[in-house]
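This report refers to the structure that appears directly beneath it.
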Amino acid sequence: MHTPIALELSEDARARIAELRALSEKVEAGDKEARKELRRLVRASSPEVIGRASDIGRRAGRVLAYTAAGGDPLTEEALYAKLDAMRMEIAGENPTPLEVLLTERVVSLWMLTALLEVLVSAQYQKRLGDGAKRISPSYIVQQSRILDSATRRYLAAIRELARVRKLQATAPPVQVNTQVNILAG
Amino acid sequence: MAWETRERGGRYYTRSRRSLEDGRILREYVGTGPFAEIVAQSDRTGRELAEAERQQERARHGQELERLEALVAPVLELDHAAEVLARAELLAAGYHRHKGEWRRARGEANAHPNSA
């Protein structure tokens with residue numbers, strides 16, 4: 001890693017996410033009071049948590065791009081540019097903070113999937129190319145499982161973004177006081 | 001790899017290897033005496049080196065997987081957070097899930113997080 005950067009949500013943000021999750025479960029179980037409480041909590045803490053999570057996603061994307069570049073500055077810069085272009089294209093004009101977060105999720109998972117594909121195919125090449133120093137099959141299987149999981153999450157993230165967009169398009173506008181710069185490094 | 005004890009007395013060194021042609025296990029009869037001792041020692045050293053190399057390789061793979069998991073962890077955290085936040089925002093805005101599909105609840109048409 002070229003720069004020591006925080007890639008974890010704070011304990012506070014995690015606690016809020018856990019609270020939102022618990023309340024969401026209550027709402028889905030039919031608790032009407034919980035919905036009111038969830039609205040209050042979404043209004044009070046969601047924008048900040050969205051901002052922090054989006055920031056983590058952006059930083060994680062850069063770390064993945066740096067790793068995928070393998071020390072080649074040109075590839076590294078090209079990947080950063082590619083991530084920025086994807087963000088712009090996917091988020092579109094005037095994205096809501098939630099759309100920015102879901103865009104960040106799609107972009108990070110795309111980068112992760114691309115990196116894992118390169119790593120797995122490199123292991124296969126090593127295994128085929130050098131009989132004397134074979135890579136253990138269990139190692140390749142573990143890597144492939146991580147890739148499989150990332151690919152599923154990536155596709156689910158695209159579906160989720162599309163679903164939220166579709167629903168938000170028919171919903172009244174929601175005012176949230178968060179500024180998220182989608183091109184900030 | 002084994003030393004066999006013969007009926008006539010004395011030990012006889014044998015070793016097994018897989019045939020390159022058909023994959024069958026072939027037993028090689030090396031012999032007895034100092035020559036067999038040297039071959040046996042050489043085989044033992046070879047096995048120990050191979051085992052040490054395998055252990056190193058396992059340790060290296062373990063480290064690589066740890067590094068990989070460290071790279072994946074922040075993205076998974078973002079993934080989890082995004083999922084929870086999207087669900088919370090939709091529920092707070094008056095949607096509910098029906099058989100996996102999000103729908104707006106009746107009487108919640110104007111509800112959104114800021115109208116609690």
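In the structure tokens, chains take the letters A, B, ... in the order shown, each chain's residues start at 1, and ligands count up from 1 in the order shown.
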Exercise. Mind the document's chain letters and residue numbers, and return as a PyMOL selection string the residues of chain A that DSSP labels helix (DSSP H, G or I).
Key: chain A and resi 11-28+32-69+73-91+97-129+137-170
With 8 Å as the limit and counting only C-alpha atoms, what residues in chain A lie close to chain B? Please list them as an mmCIF file with C-alpha atoms, in the first residue's frame.
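iface-v1.cif, written as the output of this step:
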```
data_model
loop_
_atom_site.group_PDB
_atom_site.id
_atom_site.type_symbol
_atom_site.label_atom_id
_atom_site.label_comp_id
_atom_site.auth_asym_id
_atom_site.auth_seq_id
_atom_site.Cartn_x
_atom_site.Cartn_y
_atom_site.Cartn_z
ATOM 1 C CA LEU A 7 -10.212 1.669 5.176
ATOM 2 C CA GLU A 8 -12.652 0.847 7.904
ATOM 3 C CA LEU A 9 -15.832 2.463 9.080
ATOM 4 C CA ILE A 17 -25.602 0.722 10.666
ATOM 5 C CA LEU A 20 -30.603 0.844 11.149
ATOM 6 C CA ARG A 21 -30.501 -2.835 10.348
ATOM 7 C CA SER A 24 -35.425 -2.254 9.414
ATOM 8 C CA VAL A 27 -40.357 -2.590 10.279
ATOM 9 C CA GLU A 28 -40.362 -5.563 7.946
ATOM 10 C CA ARG A 35 -41.078 2.732 11.023
ATOM 11 C CA LYS A 36 -41.415 6.116 12.698
ATOM 12 C CA LEU A 38 -36.501 4.337 11.454
ATOM 13 C CA ARG A 39 -37.525 7.549 9.676
ATOM 14 C CA ARG A 40 -36.115 9.580 12.509
ATOM 15 C CA VAL A 42 -32.528 7.722 8.701
ATOM 16 C CA ARG A 43 -32.991 11.484 8.790
ATOM 17 C CA SER A 46 -28.103 8.085 7.365
ATOM 18 C CA ILE A 50 -23.632 7.302 3.659
ATOM 19 C CA ALA A 53 -19.222 4.604 3.586
ATOM 20 C CA SER A 54 -18.897 6.308 0.182
ATOM 21 C CA ILE A 56 -14.348 4.173 2.302
ATOM 22 C CA GLY A 57 -15.534 2.811 -1.044
ATOM 23 C CA ALA A 60 -10.818 1.016 -1.311
ATOM 24 C CA VAL A 63 -6.103 0.709 -3.214
ATOM 25 C CA LEU A 64 -7.424 -2.056 -5.458
ATOM 26 C CA LEU A 98 -27.819 6.990 -1.633
ATOM 27 C CA LEU A 101 -23.126 5.242 -2.228
ATOM 28 C CA LEU A 102 -24.621 2.543 -4.446
ATOM 29 C CA ARG A 105 -20.369 0.053 -4.264
ATOM 30 C CA SER A 108 -15.476 -0.864 -6.002
ATOM 31 C CA LEU A 109 -16.907 -4.301 -6.673
ATOM 32 C CA LEU A 112 -12.317 -5.991 -7.025
ATOM 33 C CA TYR A 139 -5.204 -22.224 -3.072
ATOM 34 C CA GLN A 143 -9.143 -17.626 -4.736
ATOM 35 C CA ARG A 153 -22.079 -9.124 -5.077
ATOM 36 C CA ALA A 157 -25.082 -4.165 -6.485
ATOM 37 C CA VAL A 164 -33.466 2.206 -5.964
ATOM 38 C CA ALA A 171 -41.130 8.883 -4.909
ATOM 39 C CA PRO A 172 -41.291 12.461 -3.621
ATOM 40 C CA VAL A 174 -35.940 13.538 -0.225
ATOM 41 C CA GLN A 175 -33.904 16.403 1.165
#
```
Identify, on the basis of only C-alpha atoms, every residue whose closest approach to segment 38-50 of chain B does not exceed 12 Å; exclude the query and any residue fewer than 5 positions from it along the same chain; express the result as an mmCIF file with N, CA and C atoms, in the first residue's frame.
```
data_model
loop_
_atom_site.group_PDB
_atom_site.id
_atom_site.type_symbol
_atom_site.label_atom_id
_atom_site.label_comp_id
_atom_site.auth_asym_id
_atom_site.auth_seq_id
_atom_site.Cartn_x
_atom_site.Cartn_y
_atom_site.Cartn_z
ATOM 1 N N ALA A 132 7.309 -27.826 -12.141
ATOM 2 C CA ALA A 132 8.142 -28.099 -10.966
ATOM 3 C C ALA A 132 7.585 -27.402 -9.721
ATOM 4 N N LYS A 133 7.080 -26.192 -9.913
ATOM 5 C CA LYS A 133 6.563 -25.443 -8.752
ATOM 6 C C LYS A 133 5.089 -25.198 -8.931
ATOM 7 N N MET B 1 9.226 -45.865 0.283
ATOM 8 C CA MET B 1 10.647 -46.095 0.538
ATOM 9 C C MET B 1 10.763 -47.001 1.758
ATOM 10 N N ALA B 2 11.486 -48.088 1.621
ATOM 11 C CA ALA B 2 11.534 -48.989 2.779
ATOM 12 C C ALA B 2 12.747 -49.911 2.717
ATOM 13 N N TRP B 3 13.126 -50.275 3.896
ATOM 14 C CA TRP B 3 14.139 -51.322 4.020
ATOM 15 C C TRP B 3 13.386 -52.625 4.270
ATOM 16 N N ARG B 11 19.313 -56.450 5.192
ATOM 17 C CA ARG B 11 18.256 -55.529 4.816
ATOM 18 C C ARG B 11 18.434 -55.140 3.356
ATOM 19 N N TYR B 12 17.318 -54.911 2.685
ATOM 20 C CA TYR B 12 17.326 -54.606 1.252
ATOM 21 C C TYR B 12 16.533 -53.318 1.040
ATOM 22 N N TYR B 13 17.154 -52.312 0.412
ATOM 23 C CA TYR B 13 16.460 -51.022 0.238
ATOM 24 C C TYR B 13 15.639 -51.020 -1.047
ATOM 25 N N THR B 14 14.380 -50.679 -0.922
ATOM 26 C CA THR B 14 13.507 -50.554 -2.105
ATOM 27 C C THR B 14 12.831 -49.180 -2.064
ATOM 28 N N ARG B 15 12.425 -48.737 -3.202
ATOM 29 C CA ARG B 15 11.655 -47.473 -3.238
ATOM 30 C C ARG B 15 10.600 -47.553 -4.345
ATOM 31 N N SER B 16 9.534 -46.784 -4.151
ATOM 32 C CA SER B 16 8.430 -46.829 -5.125
ATOM 33 C C SER B 16 8.366 -45.508 -5.881
ATOM 34 N N ARG B 17 7.963 -45.608 -7.104
ATOM 35 C CA ARG B 17 7.740 -44.383 -7.894
ATOM 36 C C ARG B 17 6.595 -44.654 -8.862
ATOM 37 N N GLU B 28 11.114 -50.182 -7.107
ATOM 38 C CA GLU B 28 12.506 -50.326 -7.566
ATOM 39 C C GLU B 28 13.305 -51.023 -6.477
ATOM 40 N N TYR B 29 14.036 -52.031 -6.848
ATOM 41 C CA TYR B 29 14.873 -52.735 -5.879
ATOM 42 C C TYR B 29 16.283 -52.166 -6.010
ATOM 43 N N VAL B 30 16.704 -51.369 -5.007
ATOM 44 C CA VAL B 30 17.983 -50.657 -5.117
ATOM 45 C C VAL B 30 19.147 -51.566 -4.724
ATOM 46 N N GLY B 31 19.062 -52.173 -3.576
ATOM 47 C CA GLY B 31 20.141 -53.080 -3.185
ATOM 48 C C GLY B 31 20.401 -53.032 -1.701
ATOM 49 N N THR B 32 21.590 -53.480 -1.357
ATOM 50 C CA THR B 32 21.949 -53.564 0.045
ATOM 51 C C THR B 32 23.360 -53.015 0.240
ATOM 52 N N GLY B 33 23.779 -52.875 1.475
ATOM 53 C CA GLY B 33 25.149 -52.423 1.719
ATOM 54 C C GLY B 33 25.292 -50.911 1.682
ATOM 55 N N GLN B 55 5.795 -26.830 2.866
ATOM 56 C CA GLN B 55 5.402 -26.011 4.033
ATOM 57 C C GLN B 55 5.589 -24.524 3.742
ATOM 58 N N GLN B 56 6.718 -24.213 3.089
ATOM 59 C CA GLN B 56 6.975 -22.806 2.719
ATOM 60 C C GLN B 56 5.870 -22.299 1.793
ATOM 61 N N GLU B 57 5.524 -23.168 0.824
ATOM 62 C CA GLU B 57 4.509 -22.801 -0.166
ATOM 63 C C GLU B 57 3.153 -22.574 0.520
#
```
Quiz item: Leaving out Glu77 of chain A and any residue of its chain fewer than 6 positions from it, which residues lie within 10 Å of it when counting only C-alpha atoms, given as number ranges by chain?
Solution: A: 62, 65-66, 69, 83
Give me a file of those residues, with C-alpha atoms, as an mmCIF file, in the first residue's frame.
```cif
data_model
loop_
_atom_site.group_PDB
_atom_site.id
_atom_site.type_symbol
_atom_site.label_atom_id
_atom_site.label_comp_id
_atom_site.auth_asym_id
_atom_site.auth_seq_id
_atom_site.Cartn_x
_atom_site.Cartn_y
_atom_site.Cartn_z
ATOM 1 C CA ARG A 62 -7.958 3.294 -5.293
ATOM 2 C CA ALA A 65 -6.420 -0.101 -8.573
ATOM 3 C CA TYR A 66 -2.947 0.442 -7.113
ATOM 4 C CA ALA A 69 -1.448 -1.869 -11.542
ATOM 5 C CA LEU A 83 -12.916 4.423 -11.915
#
```
Self-check item: Those of chain B in DSSP strand (DSSP E or B), formatted as a ChimeraX atom specification
Solution: /B:2-5,11-18,25-31,95-98,101-104
Would you mind exporting the chosen residues as an mmCIF file, in the first residue's frame, restricted to C-alpha atoms?
```
data_model
loop_
_atom_site.group_PDB
_atom_site.id
_atom_site.type_symbol
_atom_site.label_atom_id
_atom_site.label_comp_id
_atom_site.auth_asym_id
_atom_site.auth_seq_id
_atom_site.Cartn_x
_atom_site.Cartn_y
_atom_site.Cartn_z
ATOM 1 C CA ALA B 2 11.534 -48.989 2.779
ATOM 2 C CA TRP B 3 14.139 -51.322 4.020
ATOM 3 C CA GLU B 4 12.971 -54.910 3.635
ATOM 4 C CA THR B 5 14.312 -57.688 5.776
ATOM 5 C CA ARG B 11 18.256 -55.529 4.816
ATOM 6 C CA TYR B 12 17.326 -54.606 1.252
ATOM 7 C CA TYR B 13 16.460 -51.022 0.238
ATOM 8 C CA THR B 14 13.507 -50.554 -2.105
ATOM 9 C CA ARG B 15 11.655 -47.473 -3.238
ATOM 10 C CA SER B 16 8.430 -46.829 -5.125
ATOM 11 C CA ARG B 17 7.740 -44.383 -7.894
ATOM 12 C CA ARG B 18 4.867 -43.691 -10.239
ATOM 13 C CA ILE B 25 3.245 -47.593 -8.961
ATOM 14 C CA LEU B 26 6.546 -49.337 -9.677
ATOM 15 C CA ARG B 27 8.794 -50.730 -6.974
ATOM 16 C CA GLU B 28 12.506 -50.326 -7.566
ATOM 17 C CA TYR B 29 14.873 -52.735 -5.879
ATOM 18 C CA VAL B 30 17.983 -50.657 -5.117
ATOM 19 C CA GLY B 31 20.141 -53.080 -3.185
ATOM 20 C CA TYR B 95 -41.846 0.929 0.814
ATOM 21 C CA HIS B 96 -42.170 -2.683 1.840
ATOM 22 C CA ARG B 97 -41.037 -5.915 0.321
ATOM 23 C CA HIS B 98 -43.579 -8.271 -1.110
ATOM 24 C CA GLU B 101 -40.217 -7.023 -4.756
ATOM 25 C CA TRP B 102 -40.288 -3.521 -3.271
ATOM 26 C CA ARG B 103 -43.718 -1.887 -3.230
ATOM 27 C CA ARG B 104 -45.119 1.315 -1.833
#
```
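Coordinates place atom CA of Pro95 of chain A at a distance of 20.2 Å from atom CA of Leu155 of chain A.
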Quiz prompt | Coordinates-based distance that separates atom CA of Arg58 of chain A from atom CA of Glu93 of chain A (Å, one decimal) | solution = 18.4 Å
Quiz item: Mind pulling up the distance from atom CA of Thr113 of chain A to atom CA of Thr151 of chain A?
Solution: 6.0 Å
